[in-house]
Amino acid sequence: MKILVKLFANFRQGRFKVQEFELSVTTTCAEVAAMLKIAEAELGVVLVNGRHAQLAQPLREGDTISLFPLVGGG
Amino acid sequence: MSDLLVFLQARSRNGLLPWAAQFAASQCFRKGLAEVEEIALANGLLPARYQRNRAMLSVPEQHRLFARHVAVIGCGGLGGYVLAGLARLGIGRITAIDPDCFEEHNLNRQLLSSIKNLGQPKVAAAVEQLGAINPAVTVIAYQEAFGMGNGERLLRGADVVVDCLDSVTVRLELAEVCTLLGIPLVHGAIGGWYGHVSTVLPGALSFDRLYGNNDNGKGVEVTMGNPSFTPAVVAALEVAEVCKLLLDKGSILDDRALSIDLLDMEFTEITL
């Protein structure tokens, strides 16, 4: 299935802003992050089609997943 | 009409009360500067320091800001700019909370830090510098680390709380105490070129959604540090949210967050 991945902030460094991937059915948000070598400890907000998603959420054909890093400084 | 009010009206021009007259009234009538400002605003006189606010904030709105109490948790990168912004805006009571003293590595970004106050408590700098910016503002300082144990005591009575912390774990505790007390929380966080802002109304789930996938103590700031400009941008957005919350104006960032990327200069709205 085709999935569009959008990366934000420092996740773009050495990767990309937006890229389409052909992934196997039932791939989860966590598996997309792992495929991109983004550790779960780095992950902040995860959106699927612009809505808040859990890491375990499976993706569907045509979904857009957006990954934002955890930001905690002040 | 009180003699004090007659004194203020006689020295006002076009509805504006000059600082010299406000100060003289305080001296002549043995009243605090805050009390003089309260009487002026309650009677339609705008301290002249706020005259550039006049096209966007009415005198009753400026009065409402002066009657409100805002608590700022953390007086470092975000906190320094937030505190200065609130004092210049004319918030009447400001609580500043931070356990730390200034260190050399704060100088690249923390507004209240300077060579001469290295080693001094951050909250002491807040009292001194806010007093110099706007002496009519009452500043309450606590040199304490915020936590579940003291949170209710520190925040009780605040109309809005501003999150300028540097730990995700403590932020989650702050959100819990704000929910418990029913106080709106303006949240900001920064790391490197990046940051985000959101406003959490009591009972809203937005904080769980921002940090729900991960409640590690730290984020991107650990590897990237923080420059001079990212805290200034995010703090200014937090002060704007406080202003709108207190005046019930415009649209606030409740149930959404604004993600800020100053490297690619992108502002992305996230629905929470």
# chains A, B, ... in the order shown; residues from 1 in each chain; ligands from 1
>>> select_by_dssp(residues="stretch 16-55 of chain A", states="strand (DSSP E or B)", output="JSON, numbers by chain")
{"A": [18, 19, 20, 21, 22, 28, 43, 44, 45, 46, 47, 48, 51, 52]}
>>> interface_residues(of="chain A", to="chain B", cutoff="6 Å", atoms="only C-alpha atoms", output="list in words")
Ala9, Gly44, Val45, His52, Leu70, Val71, Gly72, Gly73 and Gly74 of chain A
>>> write_last_selection(atoms="N, CA and C atoms", output="PDB file, in the first residue's frame")
ATOM      1  N   ALA A   9      10.686  19.197  11.838  1.00  0.00           N
ATOM      2  CA  ALA A   9      11.805  19.651  12.687  1.00  0.00           C
ATOM      3  C   ALA A   9      13.059  18.828  12.394  1.00  0.00           C
ATOM      4  N   GLY A  44       7.386  12.771  19.453  1.00  0.00           N
ATOM      5  CA  GLY A  44       6.375  13.583  20.121  1.00  0.00           C
ATOM      6  C   GLY A  44       5.020  13.255  19.524  1.00  0.00           C
ATOM      7  N   VAL A  45       4.468  14.222  18.792  1.00  0.00           N
ATOM      8  CA  VAL A  45       3.143  14.029  18.200  1.00  0.00           C
ATOM      9  C   VAL A  45       3.229  13.150  16.949  1.00  0.00           C
ATOM     10  N   HIS A  52      -4.599  12.958  15.634  1.00  0.00           N
ATOM     11  CA  HIS A  52      -3.734  12.317  16.623  1.00  0.00           C
ATOM     12  C   HIS A  52      -3.820  10.792  16.501  1.00  0.00           C
ATOM     13  N   LEU A  70       9.816  14.952  20.001  1.00  0.00           N
ATOM     14  CA  LEU A  70       9.527  15.424  21.345  1.00  0.00           C
ATOM     15  C   LEU A  70      10.339  16.697  21.589  1.00  0.00           C
ATOM     16  N   VAL A  71       9.664  17.749  22.039  1.00  0.00           N
ATOM     17  CA  VAL A  71      10.333  19.018  22.346  1.00  0.00           C
ATOM     18  C   VAL A  71      10.022  19.346  23.801  1.00  0.00           C
ATOM     19  N   GLY A  72      11.054  19.538  24.614  1.00  0.00           N
ATOM     20  CA  GLY A  72      10.777  19.719  26.036  1.00  0.00           C
ATOM     21  C   GLY A  72      11.563  20.818  26.712  1.00  0.00           C
ATOM     22  N   GLY A  73      12.339  21.590  25.950  1.00  0.00           N
ATOM     23  CA  GLY A  73      13.194  22.610  26.567  1.00  0.00           C
ATOM     24  C   GLY A  73      12.414  23.872  26.919  1.00  0.00           C
ATOM     25  N   GLY A  74      13.058  24.685  27.733  1.00  0.00           N
ATOM     26  CA  GLY A  74      12.421  25.948  28.091  1.00  0.00           C
ATOM     27  C   GLY A  74      13.478  27.014  28.346  1.00  0.00           C
TER      28      GLY A  74
END
>>> residues_around(residues="stretch 12-28 of chain A", least_positions_apart="4", cutoff="7 Å", atoms="only C-alpha atoms", output="number ranges by chain")
A: 1-8, 32, 55-59
>>> select_by_dssp(residues="stretch 22-255 of chain B", states="helix (DSSP H, G or I)", output="PyMOL selection string")
chain B and resi 22-28+33-42+48-53+59-66+77-89+104-106+115-117+122-133+151-155+168-181+206-211+221-224+229-247
>>> residues_around(residues="B:Ala87", least_positions_apart="4", cutoff="9 Å", atoms="only C-alpha atoms", output="NGL selection string")
:B and (82-83 or 91-94 or 130-131 or 133-137)
>>> write_last_selection(atoms="all heavy atoms", output="PDB file, in the first residue's frame")
ATOM      1  N   VAL B  82       8.895  35.723  28.755  1.00  0.00           N
ATOM      2  CA  VAL B  82       7.479  35.744  29.146  1.00  0.00           C
ATOM      3  C   VAL B  82       7.259  36.754  30.271  1.00  0.00           C
ATOM      4  O   VAL B  82       6.330  37.568  30.215  1.00  0.00           O
ATOM      5  CB  VAL B  82       7.001  34.335  29.560  1.00  0.00           C
ATOM      6  CG1 VAL B  82       5.654  34.400  30.283  1.00  0.00           C
ATOM      7  CG2 VAL B  82       6.878  33.427  28.334  1.00  0.00           C
ATOM      8  N   LEU B  83       8.129  36.721  31.286  1.00  0.00           N
ATOM      9  CA  LEU B  83       7.978  37.638  32.419  1.00  0.00           C
ATOM     10  C   LEU B  83       8.065  39.097  31.957  1.00  0.00           C
ATOM     11  O   LEU B  83       7.238  39.933  32.347  1.00  0.00           O
ATOM     12  CB  LEU B  83       9.067  37.352  33.467  1.00  0.00           C
ATOM     13  CG  LEU B  83       8.854  36.072  34.283  1.00  0.00           C
ATOM     14  CD1 LEU B  83      10.167  35.646  34.950  1.00  0.00           C
ATOM     15  CD2 LEU B  83       7.768  36.261  35.332  1.00  0.00           C
ATOM     16  N   ILE B  91       0.172  43.187  33.218  1.00  0.00           N
ATOM     17  CA  ILE B  91      -0.455  42.217  34.128  1.00  0.00           C
ATOM     18  C   ILE B  91      -0.135  42.666  35.559  1.00  0.00           C
ATOM     19  O   ILE B  91       1.026  42.888  35.897  1.00  0.00           O
ATOM     20  CB  ILE B  91       0.107  40.795  33.883  1.00  0.00           C
ATOM     21  CG1 ILE B  91      -0.110  40.356  32.425  1.00  0.00           C
ATOM     22  CG2 ILE B  91      -0.492  39.797  34.880  1.00  0.00           C
ATOM     23  CD1 ILE B  91      -1.543  40.225  32.010  1.00  0.00           C
ATOM     24  N   GLY B  92      -1.146  42.797  36.408  1.00  0.00           N
ATOM     25  CA  GLY B  92      -0.942  43.414  37.722  1.00  0.00           C
ATOM     26  C   GLY B  92      -0.180  42.580  38.730  1.00  0.00           C
ATOM     27  O   GLY B  92       0.558  43.116  39.560  1.00  0.00           O
ATOM     28  N   ARG B  93      -0.386  41.259  38.690  1.00  0.00           N
ATOM     29  CA  ARG B  93       0.307  40.365  39.630  1.00  0.00           C
ATOM     30  C   ARG B  93       0.962  39.244  38.850  1.00  0.00           C
ATOM     31  O   ARG B  93       0.290  38.546  38.068  1.00  0.00           O
ATOM     32  CB  ARG B  93      -0.682  39.733  40.621  1.00  0.00           C
ATOM     33  CG  ARG B  93      -1.135  40.638  41.719  1.00  0.00           C
ATOM     34  CD  ARG B  93      -2.172  39.939  42.588  1.00  0.00           C
ATOM     35  NE  ARG B  93      -1.549  39.170  43.668  1.00  0.00           N
ATOM     36  CZ  ARG B  93      -1.061  39.721  44.767  1.00  0.00           C
ATOM     37  NH1 ARG B  93      -1.112  41.025  44.929  1.00  0.00           N
ATOM     38  NH2 ARG B  93      -0.521  38.985  45.713  1.00  0.00           N
ATOM     39  N   ILE B  94       2.251  39.074  39.072  1.00  0.00           N
ATOM     40  CA  ILE B  94       3.001  38.041  38.369  1.00  0.00           C
ATOM     41  C   ILE B  94       3.754  37.204  39.394  1.00  0.00           C
ATOM     42  O   ILE B  94       4.504  37.754  40.213  1.00  0.00           O
ATOM     43  CB  ILE B  94       3.989  38.658  37.359  1.00  0.00           C
ATOM     44  CG1 ILE B  94       3.234  39.497  36.311  1.00  0.00           C
ATOM     45  CG2 ILE B  94       4.824  37.572  36.689  1.00  0.00           C
ATOM     46  CD1 ILE B  94       4.152  40.289  35.371  1.00  0.00           C
ATOM     47  N   LEU B 130      11.753  43.218  36.552  1.00  0.00           N
ATOM     48  CA  LEU B 130      10.348  43.572  36.309  1.00  0.00           C
ATOM     49  C   LEU B 130      10.000  44.863  37.052  1.00  0.00           C
ATOM     50  O   LEU B 130       9.215  45.686  36.565  1.00  0.00           O
ATOM     51  CB  LEU B 130       9.411  42.426  36.712  1.00  0.00           C
ATOM     52  CG  LEU B 130       9.069  41.447  35.581  1.00  0.00           C
ATOM     53  CD1 LEU B 130      10.291  40.881  34.914  1.00  0.00           C
ATOM     54  CD2 LEU B 130       8.148  40.345  36.053  1.00  0.00           C
ATOM     55  N   GLY B 131      10.599  45.031  38.231  1.00  0.00           N
ATOM     56  CA  GLY B 131      10.398  46.273  38.983  1.00  0.00           C
ATOM     57  C   GLY B 131      10.929  47.481  38.227  1.00  0.00           C
ATOM     58  O   GLY B 131      10.366  48.571  38.308  1.00  0.00           O
ATOM     59  N   ILE B 133      11.187  47.559  34.862  1.00  0.00           N
ATOM     60  CA  ILE B 133      10.379  47.707  33.639  1.00  0.00           C
ATOM     61  C   ILE B 133       9.048  48.373  33.956  1.00  0.00           C
ATOM     62  O   ILE B 133       8.619  49.310  33.282  1.00  0.00           O
ATOM     63  CB  ILE B 133      10.123  46.322  32.987  1.00  0.00           C
ATOM     64  CG1 ILE B 133      11.412  45.764  32.380  1.00  0.00           C
ATOM     65  CG2 ILE B 133       9.025  46.404  31.931  1.00  0.00           C
ATOM     66  CD1 ILE B 133      11.296  44.304  31.953  1.00  0.00           C
ATOM     67  N   ASN B 134       8.364  47.849  34.982  1.00  0.00           N
ATOM     68  CA  ASN B 134       7.021  48.344  35.300  1.00  0.00           C
ATOM     69  C   ASN B 134       6.783  48.268  36.813  1.00  0.00           C
ATOM     70  O   ASN B 134       6.305  47.254  37.320  1.00  0.00           O
ATOM     71  CB  ASN B 134       5.962  47.537  34.543  1.00  0.00           C
ATOM     72  CG  ASN B 134       4.596  48.180  34.606  1.00  0.00           C
ATOM     73  OD1 ASN B 134       4.362  49.081  35.426  1.00  0.00           O
ATOM     74  ND2 ASN B 134       3.681  47.727  33.755  1.00  0.00           N
ATOM     75  N   PRO B 135       7.106  49.339  37.535  1.00  0.00           N
ATOM     76  CA  PRO B 135       7.035  49.298  39.003  1.00  0.00           C
ATOM     77  C   PRO B 135       5.620  49.157  39.557  1.00  0.00           C
ATOM     78  O   PRO B 135       5.465  48.894  40.748  1.00  0.00           O
ATOM     79  CB  PRO B 135       7.639  50.643  39.429  1.00  0.00           C
ATOM     80  CG  PRO B 135       8.219  51.264  38.218  1.00  0.00           C
ATOM     81  CD  PRO B 135       7.570  50.635  37.028  1.00  0.00           C
ATOM     82  N   ALA B 136       4.595  49.318  38.732  1.00  0.00           N
ATOM     83  CA  ALA B 136       3.224  49.150  39.227  1.00  0.00           C
ATOM     84  C   ALA B 136       2.834  47.677  39.328  1.00  0.00           C
ATOM     85  O   ALA B 136       1.811  47.335  39.914  1.00  0.00           O
ATOM     86  CB  ALA B 136       2.240  49.887  38.312  1.00  0.00           C
ATOM     87  N   VAL B 137       3.657  46.803  38.743  1.00  0.00           N
ATOM     88  CA  VAL B 137       3.363  45.364  38.767  1.00  0.00           C
ATOM     89  C   VAL B 137       3.882  44.761  40.076  1.00  0.00           C
ATOM     90  O   VAL B 137       4.987  45.057  40.507  1.00  0.00           O
ATOM     91  CB  VAL B 137       4.051  44.676  37.564  1.00  0.00           C
ATOM     92  CG1 VAL B 137       3.981  43.159  37.686  1.00  0.00           C
ATOM     93  CG2 VAL B 137       3.421  45.142  36.258  1.00  0.00           C
TER      94      VAL B 137
END
>>> residues_around(residues="B:Leu181", least_positions_apart="4", cutoff="12 Å", atoms="only C-alpha atoms", output="NGL selection string")
:B and (151-161 or 174-177 or 185 or 201-203)
